[in-house]
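The next block is data-v7.cif, given as mmCIF, N, CA and C atoms and all ligand atoms.
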```
data_protein
loop_
_atom_site.label_atom_id
_atom_site.label_comp_id
_atom_site.auth_asym_id
_atom_site.auth_seq_id
_atom_site.Cartn_x
_atom_site.Cartn_y
_atom_site.Cartn_z
N MET A 1 0.85 -1.19 0.00
CA MET A 1 0.00 0.00 0.00
C MET A 1 0.89 1.24 0.00
N GLU A 2 0.53 2.17 -0.85
CA GLU A 2 1.33 3.40 -0.93
C GLU A 2 0.48 4.59 -0.46
N ILE A 3 0.86 5.14 0.71
CA ILE A 3 0.19 6.34 1.21
C ILE A 3 0.95 7.56 0.70
N LEU A 4 0.24 8.45 0.02
CA LEU A 4 0.90 9.59 -0.63
C LEU A 4 1.00 10.79 0.31
N LYS A 5 -0.04 11.01 1.12
CA LYS A 5 -0.02 12.16 2.02
C LYS A 5 -1.28 12.15 2.87
N ILE A 6 -1.34 13.05 3.86
CA ILE A 6 -2.62 13.30 4.53
C ILE A 6 -3.45 14.14 3.58
N ASP A 7 -4.56 13.57 3.13
CA ASP A 7 -5.41 14.28 2.17
C ASP A 7 -6.21 15.37 2.88
N HIS A 8 -6.83 14.98 3.99
CA HIS A 8 -7.60 15.98 4.75
C HIS A 8 -7.87 15.48 6.16
N LEU A 9 -8.26 16.43 7.02
CA LEU A 9 -8.75 16.11 8.36
C LEU A 9 -10.23 16.42 8.39
N GLY A 10 -11.03 15.48 8.87
CA GLY A 10 -12.47 15.65 8.91
C GLY A 10 -12.91 16.14 10.29
N ILE A 11 -13.70 17.20 10.31
CA ILE A 11 -14.14 17.81 11.57
C ILE A 11 -15.66 17.91 11.57
N ALA A 12 -16.29 17.29 12.56
CA ALA A 12 -17.75 17.29 12.64
C ALA A 12 -18.24 18.59 13.28
N VAL A 13 -19.17 19.25 12.61
CA VAL A 13 -19.71 20.52 13.13
C VAL A 13 -21.23 20.47 13.10
N ASN A 14 -21.85 21.24 13.99
CA ASN A 14 -23.31 21.36 13.95
C ASN A 14 -23.74 22.13 12.71
N SER A 15 -22.91 23.09 12.31
CA SER A 15 -23.27 23.96 11.20
C SER A 15 -22.01 24.44 10.49
N ILE A 16 -21.98 24.24 9.17
CA ILE A 16 -20.82 24.71 8.39
C ILE A 16 -20.74 26.23 8.45
N ASP A 17 -21.89 26.91 8.43
CA ASP A 17 -21.87 28.38 8.51
C ASP A 17 -21.21 28.85 9.81
N GLU A 18 -21.54 28.15 10.90
CA GLU A 18 -20.92 28.48 12.19
C GLU A 18 -19.43 28.16 12.16
N GLY A 19 -19.09 26.97 11.66
CA GLY A 19 -17.69 26.54 11.58
C GLY A 19 -16.86 27.49 10.73
N ASN A 20 -17.49 28.00 9.68
CA ASN A 20 -16.81 28.91 8.77
C ASN A 20 -16.27 30.15 9.49
N LYS A 21 -16.94 30.53 10.56
CA LYS A 21 -16.52 31.73 11.28
C LYS A 21 -15.11 31.57 11.85
N PHE A 22 -14.79 30.35 12.30
CA PHE A 22 -13.43 30.12 12.79
C PHE A 22 -12.47 29.80 11.65
N TRP A 23 -12.83 28.77 10.87
CA TRP A 23 -11.88 28.23 9.89
C TRP A 23 -11.58 29.23 8.77
N SER A 24 -12.57 30.03 8.40
CA SER A 24 -12.35 30.97 7.31
C SER A 24 -12.16 32.40 7.81
N ASP A 25 -13.13 32.91 8.57
CA ASP A 25 -13.05 34.31 8.99
C ASP A 25 -11.83 34.56 9.87
N ILE A 26 -11.53 33.63 10.76
CA ILE A 26 -10.42 33.86 11.68
C ILE A 26 -9.11 33.31 11.14
N LEU A 27 -9.12 32.03 10.73
CA LEU A 27 -7.85 31.44 10.26
C LEU A 27 -7.51 31.85 8.83
N GLY A 28 -8.52 32.25 8.07
CA GLY A 28 -8.25 32.71 6.71
C GLY A 28 -8.21 31.61 5.65
N LEU A 29 -8.62 30.40 6.01
CA LEU A 29 -8.71 29.35 4.99
C LEU A 29 -9.89 29.66 4.07
N LYS A 30 -9.77 29.26 2.81
CA LYS A 30 -10.83 29.58 1.85
C LYS A 30 -11.69 28.36 1.54
N LEU A 31 -12.99 28.54 1.70
CA LEU A 31 -13.93 27.47 1.36
C LEU A 31 -13.90 27.26 -0.14
N GLU A 32 -13.52 26.03 -0.54
CA GLU A 32 -13.39 25.80 -1.97
C GLU A 32 -14.54 24.98 -2.55
N ASP A 33 -14.92 23.92 -1.85
CA ASP A 33 -15.96 23.04 -2.39
C ASP A 33 -16.95 22.72 -1.29
N LYS A 34 -18.22 22.94 -1.58
CA LYS A 34 -19.26 22.54 -0.63
C LYS A 34 -20.19 21.61 -1.39
N GLU A 35 -20.47 20.45 -0.78
CA GLU A 35 -21.24 19.44 -1.51
C GLU A 35 -22.04 18.59 -0.53
N THR A 36 -23.26 18.23 -0.93
CA THR A 36 -24.04 17.31 -0.12
C THR A 36 -23.94 15.91 -0.72
N VAL A 37 -23.58 14.94 0.13
CA VAL A 37 -23.55 13.54 -0.30
C VAL A 37 -24.74 12.87 0.37
N GLU A 38 -25.83 12.73 -0.39
CA GLU A 38 -27.10 12.27 0.18
C GLU A 38 -26.99 10.89 0.83
N GLU A 39 -26.25 9.96 0.19
CA GLU A 39 -26.15 8.60 0.72
C GLU A 39 -25.57 8.63 2.13
N GLN A 40 -24.71 9.61 2.41
CA GLN A 40 -24.07 9.70 3.72
C GLN A 40 -24.76 10.68 4.65
N LYS A 41 -25.83 11.31 4.15
CA LYS A 41 -26.57 12.30 4.94
C LYS A 41 -25.63 13.37 5.51
N VAL A 42 -24.79 13.88 4.63
CA VAL A 42 -23.81 14.84 5.09
C VAL A 42 -23.56 15.92 4.03
N THR A 43 -23.32 17.14 4.51
CA THR A 43 -22.81 18.18 3.64
C THR A 43 -21.37 18.43 4.05
N THR A 44 -20.47 18.48 3.06
CA THR A 44 -19.06 18.65 3.35
C THR A 44 -18.59 19.99 2.78
N ALA A 45 -17.64 20.59 3.46
CA ALA A 45 -17.02 21.83 2.98
C ALA A 45 -15.52 21.66 3.10
N PHE A 46 -14.82 21.85 1.99
CA PHE A 46 -13.36 21.65 1.97
C PHE A 46 -12.62 22.98 1.93
N TYR A 47 -11.63 23.09 2.82
CA TYR A 47 -10.79 24.28 2.92
C TYR A 47 -9.34 23.86 2.66
N PRO A 48 -8.82 24.14 1.47
CA PRO A 48 -7.43 23.78 1.19
C PRO A 48 -6.49 24.47 2.17
N CYS A 49 -5.44 23.73 2.56
CA CYS A 49 -4.46 24.23 3.53
C CYS A 49 -3.12 23.63 3.11
N GLY A 50 -2.34 24.39 2.37
CA GLY A 50 -1.10 23.82 1.83
C GLY A 50 -1.43 22.65 0.93
N ASP A 51 -0.79 21.52 1.23
CA ASP A 51 -0.96 20.34 0.40
C ASP A 51 -2.08 19.43 0.90
N SER A 52 -2.75 19.85 1.97
CA SER A 52 -3.85 19.07 2.53
C SER A 52 -5.09 19.96 2.63
N GLU A 53 -6.13 19.43 3.23
CA GLU A 53 -7.35 20.22 3.37
C GLU A 53 -7.99 19.94 4.73
N VAL A 54 -8.82 20.88 5.16
CA VAL A 54 -9.69 20.65 6.30
C VAL A 54 -11.09 20.41 5.72
N GLU A 55 -11.76 19.38 6.20
CA GLU A 55 -13.12 19.07 5.74
C GLU A 55 -14.07 19.27 6.92
N LEU A 56 -15.02 20.17 6.77
CA LEU A 56 -16.07 20.28 7.78
C LEU A 56 -17.24 19.42 7.34
N LEU A 57 -17.84 18.71 8.30
CA LEU A 57 -18.94 17.78 8.01
C LEU A 57 -20.16 18.20 8.82
N GLU A 58 -21.25 18.47 8.12
CA GLU A 58 -22.51 18.83 8.78
C GLU A 58 -23.57 17.81 8.38
N SER A 59 -24.25 17.24 9.36
CA SER A 59 -25.26 16.23 9.05
C SER A 59 -26.48 16.88 8.39
N THR A 60 -27.08 16.18 7.42
CA THR A 60 -28.31 16.67 6.81
C THR A 60 -29.53 16.08 7.49
N SER A 61 -29.29 15.16 8.46
CA SER A 61 -30.41 14.46 9.09
C SER A 61 -30.00 14.02 10.49
N PRO A 62 -30.95 14.03 11.45
CA PRO A 62 -30.60 13.63 12.82
C PRO A 62 -30.13 12.18 12.94
N ASP A 63 -30.42 11.33 11.93
CA ASP A 63 -29.98 9.93 12.03
C ASP A 63 -28.75 9.64 11.16
N GLY A 64 -28.12 10.70 10.64
CA GLY A 64 -26.90 10.49 9.84
C GLY A 64 -25.71 10.17 10.71
N PRO A 65 -24.67 9.58 10.13
CA PRO A 65 -23.48 9.20 10.90
C PRO A 65 -22.79 10.38 11.60
N VAL A 66 -22.80 11.54 10.97
CA VAL A 66 -22.14 12.69 11.60
C VAL A 66 -22.97 13.19 12.79
N ALA A 67 -24.30 13.18 12.64
CA ALA A 67 -25.16 13.57 13.77
C ALA A 67 -24.96 12.62 14.95
N LYS A 68 -24.85 11.33 14.64
CA LYS A 68 -24.64 10.34 15.71
C LYS A 68 -23.29 10.53 16.38
N PHE A 69 -22.29 10.84 15.57
CA PHE A 69 -20.95 11.09 16.12
C PHE A 69 -21.01 12.26 17.11
N ILE A 70 -21.65 13.37 16.69
CA ILE A 70 -21.71 14.57 17.55
C ILE A 70 -22.51 14.27 18.82
N GLU A 71 -23.56 13.47 18.67
CA GLU A 71 -24.37 13.11 19.84
C GLU A 71 -23.52 12.38 20.88
N LYS A 72 -22.64 11.49 20.39
CA LYS A 72 -21.81 10.69 21.30
C LYS A 72 -20.61 11.47 21.83
N LYS A 73 -19.92 12.18 20.93
CA LYS A 73 -18.61 12.73 21.30
C LYS A 73 -18.56 14.25 21.26
N GLY A 74 -19.60 14.87 20.73
CA GLY A 74 -19.55 16.33 20.58
C GLY A 74 -18.88 16.72 19.28
N GLN A 75 -18.94 18.00 18.98
CA GLN A 75 -18.30 18.51 17.77
C GLN A 75 -16.79 18.33 17.89
N GLY A 76 -16.13 18.22 16.75
CA GLY A 76 -14.67 18.20 16.79
C GLY A 76 -14.07 17.24 15.80
N PHE A 77 -12.78 16.93 16.01
CA PHE A 77 -12.04 16.07 15.09
C PHE A 77 -12.77 14.73 14.92
N GLN A 78 -12.98 14.33 13.67
CA GLN A 78 -13.73 13.09 13.43
C GLN A 78 -12.93 12.03 12.68
N HIS A 79 -12.19 12.41 11.66
CA HIS A 79 -11.39 11.41 10.96
C HIS A 79 -10.18 12.02 10.27
N VAL A 80 -9.19 11.14 10.02
CA VAL A 80 -8.04 11.53 9.21
C VAL A 80 -8.12 10.74 7.91
N ALA A 81 -7.87 11.42 6.80
CA ALA A 81 -7.94 10.76 5.49
C ALA A 81 -6.56 10.75 4.85
N PHE A 82 -6.12 9.55 4.49
CA PHE A 82 -4.86 9.39 3.77
C PHE A 82 -5.15 9.19 2.30
N ARG A 83 -4.41 9.91 1.46
CA ARG A 83 -4.55 9.65 0.04
C ARG A 83 -3.66 8.47 -0.34
N VAL A 84 -4.22 7.52 -1.02
CA VAL A 84 -3.46 6.34 -1.46
C VAL A 84 -3.42 6.31 -2.98
N ALA A 85 -2.39 5.63 -3.49
CA ALA A 85 -2.23 5.53 -4.93
C ALA A 85 -3.31 4.62 -5.53
N ASP A 86 -3.63 3.54 -4.80
CA ASP A 86 -4.56 2.54 -5.34
C ASP A 86 -5.42 2.02 -4.19
N ILE A 87 -6.65 2.50 -4.12
CA ILE A 87 -7.49 2.20 -2.96
C ILE A 87 -7.91 0.73 -2.93
N GLU A 88 -8.17 0.15 -4.10
CA GLU A 88 -8.57 -1.27 -4.14
C GLU A 88 -7.45 -2.15 -3.58
N GLU A 89 -6.24 -1.83 -4.00
CA GLU A 89 -5.08 -2.59 -3.55
C GLU A 89 -4.87 -2.40 -2.04
N ALA A 90 -5.04 -1.16 -1.57
CA ALA A 90 -4.87 -0.88 -0.15
C ALA A 90 -5.88 -1.67 0.69
N LEU A 91 -7.15 -1.69 0.24
CA LEU A 91 -8.18 -2.41 1.00
C LEU A 91 -7.90 -3.91 1.01
N ALA A 92 -7.45 -4.43 -0.11
CA ALA A 92 -7.14 -5.87 -0.18
C ALA A 92 -6.01 -6.19 0.79
N GLU A 93 -5.00 -5.34 0.83
CA GLU A 93 -3.86 -5.57 1.72
C GLU A 93 -4.30 -5.50 3.19
N LEU A 94 -5.14 -4.51 3.52
CA LEU A 94 -5.58 -4.37 4.91
C LEU A 94 -6.45 -5.55 5.33
N GLU A 95 -7.30 -5.99 4.40
CA GLU A 95 -8.16 -7.13 4.72
C GLU A 95 -7.31 -8.37 4.97
N GLU A 96 -6.29 -8.54 4.16
CA GLU A 96 -5.38 -9.67 4.34
C GLU A 96 -4.67 -9.60 5.68
N LYS A 97 -4.42 -8.39 6.16
CA LYS A 97 -3.76 -8.21 7.46
C LYS A 97 -4.74 -8.28 8.62
N GLY A 98 -6.01 -8.54 8.31
CA GLY A 98 -7.00 -8.72 9.37
C GLY A 98 -7.54 -7.42 9.96
N VAL A 99 -7.39 -6.32 9.26
CA VAL A 99 -7.88 -5.03 9.74
C VAL A 99 -9.38 -4.93 9.48
N ALA A 100 -10.14 -4.57 10.52
CA ALA A 100 -11.59 -4.44 10.35
C ALA A 100 -11.90 -3.22 9.49
N LEU A 101 -12.69 -3.43 8.46
CA LEU A 101 -13.03 -2.36 7.52
C LEU A 101 -14.50 -2.02 7.62
N ILE A 102 -14.82 -0.73 7.59
CA ILE A 102 -16.22 -0.32 7.48
C ILE A 102 -16.67 -0.50 6.03
N ASP A 103 -15.79 -0.13 5.11
CA ASP A 103 -16.08 -0.29 3.67
C ASP A 103 -15.09 -1.26 3.05
N LYS A 104 -15.60 -2.41 2.62
CA LYS A 104 -14.70 -3.37 1.97
C LYS A 104 -14.44 -2.98 0.53
N LYS A 105 -15.40 -2.21 -0.02
CA LYS A 105 -15.25 -1.71 -1.39
C LYS A 105 -15.28 -0.19 -1.32
N PRO A 106 -14.51 0.47 -2.17
CA PRO A 106 -14.56 1.93 -2.19
C PRO A 106 -15.94 2.44 -2.59
N ARG A 107 -16.33 3.59 -2.02
CA ARG A 107 -17.55 4.23 -2.47
C ARG A 107 -17.24 5.67 -2.84
N ARG A 108 -18.24 6.33 -3.39
CA ARG A 108 -18.02 7.68 -3.89
C ARG A 108 -18.12 8.69 -2.75
N GLY A 109 -17.11 9.51 -2.61
CA GLY A 109 -17.14 10.57 -1.61
C GLY A 109 -17.28 11.93 -2.28
N ALA A 110 -17.18 12.99 -1.49
CA ALA A 110 -17.26 14.34 -2.03
C ALA A 110 -16.15 14.56 -3.06
N GLY A 111 -16.43 15.39 -4.03
CA GLY A 111 -15.42 15.72 -5.03
C GLY A 111 -15.09 14.60 -5.99
N GLY A 112 -15.94 13.56 -6.02
CA GLY A 112 -15.72 12.45 -6.94
C GLY A 112 -14.62 11.50 -6.52
N ALA A 113 -14.11 11.67 -5.28
CA ALA A 113 -13.06 10.77 -4.80
C ALA A 113 -13.65 9.39 -4.53
N GLN A 114 -12.79 8.37 -4.59
CA GLN A 114 -13.18 7.04 -4.08
C GLN A 114 -12.68 6.98 -2.65
N ILE A 115 -13.58 6.60 -1.74
CA ILE A 115 -13.20 6.59 -0.32
C ILE A 115 -13.60 5.28 0.34
N ALA A 116 -12.95 4.98 1.45
CA ALA A 116 -13.32 3.83 2.29
C ALA A 116 -12.83 4.10 3.70
N PHE A 117 -13.61 3.66 4.68
CA PHE A 117 -13.24 3.88 6.08
C PHE A 117 -12.79 2.57 6.72
N LEU A 118 -11.76 2.69 7.59
CA LEU A 118 -11.34 1.56 8.42
C LEU A 118 -12.06 1.69 9.75
N HIS A 119 -12.29 0.58 10.40
CA HIS A 119 -13.01 0.61 11.67
C HIS A 119 -12.11 1.13 12.78
N PRO A 120 -12.61 2.08 13.60
CA PRO A 120 -11.77 2.62 14.69
C PRO A 120 -11.29 1.56 15.68
N LYS A 121 -12.00 0.44 15.77
CA LYS A 121 -11.53 -0.60 16.71
C LYS A 121 -10.22 -1.22 16.21
N ALA A 122 -9.92 -1.05 14.93
CA ALA A 122 -8.69 -1.62 14.37
C ALA A 122 -7.54 -0.63 14.34
N THR A 123 -7.81 0.61 14.76
CA THR A 123 -6.80 1.67 14.57
C THR A 123 -6.44 2.38 15.85
N GLY A 124 -6.83 1.83 16.97
CA GLY A 124 -6.56 2.52 18.23
C GLY A 124 -7.51 3.68 18.48
N GLY A 125 -8.69 3.61 17.88
CA GLY A 125 -9.72 4.60 18.20
C GLY A 125 -9.85 5.75 17.22
N VAL A 126 -9.01 5.77 16.19
CA VAL A 126 -9.08 6.86 15.22
C VAL A 126 -9.84 6.38 13.98
N LEU A 127 -10.83 7.15 13.56
CA LEU A 127 -11.51 6.82 12.31
C LEU A 127 -10.58 7.22 11.16
N VAL A 128 -10.19 6.22 10.35
CA VAL A 128 -9.24 6.45 9.26
C VAL A 128 -9.96 6.26 7.93
N GLU A 129 -9.81 7.24 7.07
CA GLU A 129 -10.38 7.17 5.72
C GLU A 129 -9.23 7.02 4.72
N LEU A 130 -9.43 6.18 3.75
CA LEU A 130 -8.51 6.15 2.61
C LEU A 130 -9.21 6.83 1.46
N CYS A 131 -8.48 7.57 0.66
CA CYS A 131 -9.10 8.14 -0.52
C CYS A 131 -8.14 8.15 -1.69
N GLN A 132 -8.75 7.99 -2.84
CA GLN A 132 -7.99 8.02 -4.09
C GLN A 132 -8.65 9.05 -4.99
N ARG A 133 -7.85 9.95 -5.49
CA ARG A 133 -8.36 10.97 -6.43
C ARG A 133 -7.60 10.80 -7.72
N ASP A 134 -8.33 10.63 -8.81
CA ASP A 134 -7.64 10.43 -10.09
C ASP A 134 -7.65 11.70 -10.91
ZN ZN B 201 -13.21 12.77 4.76
#
```

This structure in structure tokens:
Amino acid sequence: MEILKIDHLGIAVNSIDEGNKFWSDILGLKLEDKETVEEQKVTTAFYPCGDSEVELLESTSPDGPVAKFIEKKGQGFQHVAFRVADIEEALAELEEKGVALIDKKPRRGAGGAQIAFLHPKATGGVLVELCQRD
């Protein structure tokens, strides 16, 4: 498996407009892409930061995964995403190593990326996303 870089850090927020006040108005990061991914019941906002990005995640529904995360843990850091050269190959390798996967097959994420999540029980408690952008 070839990890190219940290693609982005995912941060769960109650409201992207509220989050924007810190990440953009104060820190000066620029909101580049805002997109709703209906299957995941989430709206995402990406703020490029050097060679990586910050992703704010706002739930579109009280039963979405981001809403459930905030209910349990509160707003804040939610996942780290590594960009990989070949996501199918990475998932096959992780499965062979016995790593619990949330997604055994890549699915479509924001920005047309292919993404897959590893289970936090396999990573010491951190939700890890793999993503491939072609
Ligand atoms: Zn992400």

If we count all atoms listed in the file and set the cut-off at 7 Å, which residues sit around region 1-5 of chain A, ignoring sequence neighbours fewer than 6 positions away in its own chain? Please answer as a PyMOL selection string.
chain A and resi 81-86+89-90+93

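Each residue with an atom within 7 Å of any atom of ligand ZN 201 (chain B) appears in the list, which was built counting only C-alpha atoms and all ligand atoms: His8, Leu9, Gly10, Glu55, His79, Val80, Ala81 and Glu129 of chain A.
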
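With all atoms listed in the file as the atoms that count, the minimum distance from Ala92 (chain A) to the choices A:Lys73, A:Phe117, A:Lys21, A:Lys104 is reached by A:Lys104.
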
How many Å separate CA of Asp25 (chain A) from atom C of Ile11 (chain A)?
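Spanning CA of Asp25 (chain A) to atom C of Ile11 (chain A) is a straight-line distance of 16.8 Å.
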
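Restricting the calculation to only C-alpha atoms, the smallest distance between Ser52 (chain A) and any of A:Gly109, A:Glu39, A:Lys30, A:Ile6 is found for A:Ile6.
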
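The space between CA of Thr44 (chain A) and CA of Leu57 (chain A) spans 4.7 Å.
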
So that I can see what lies close to Asp103 (chain A), please list as a VMD selection string the residues with an atom at most 6 Å from it, counting only N, CA and C atoms and leaving out residues fewer than 2 positions away in the same chain.
chain A and resid 101 105 to 106 116 to 118

With 6.5 Å as the threshold, what does the neighbourhood of (-20.8, 17.6, 10.2) contain in terms of residues, counting all atoms listed in the file? Coordinates are those of the file; answer as a VMD selection string.
chain A and resid 11 to 15 43 56 to 59 66 to 67

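Note that atom N of Ile115 (chain A) and atom C of Gln132 (chain A) are 6.4 Å apart.
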
Pick out each residue of region 34-123 of chain A that DSSP on the backbone tags as strand (DSSP E); I need them as an MDAnalysis selection string.
chainID A and resid 34:37 42:49 52:59 76:84 107:108 114:118

What are the centre and the three edge lengths of an axis-aligned box that wraps all atoms of region 114-124 of chain A in the file, given that 5 Å is added to every side, written as AutoDock Vina command-line options and rounded to one decimal in Å?
```
--center_x -10.0 --center_y 3.4 --center_z 6.9 --size_x 17.2 --size_y 20.0 --size_z 33.1
```
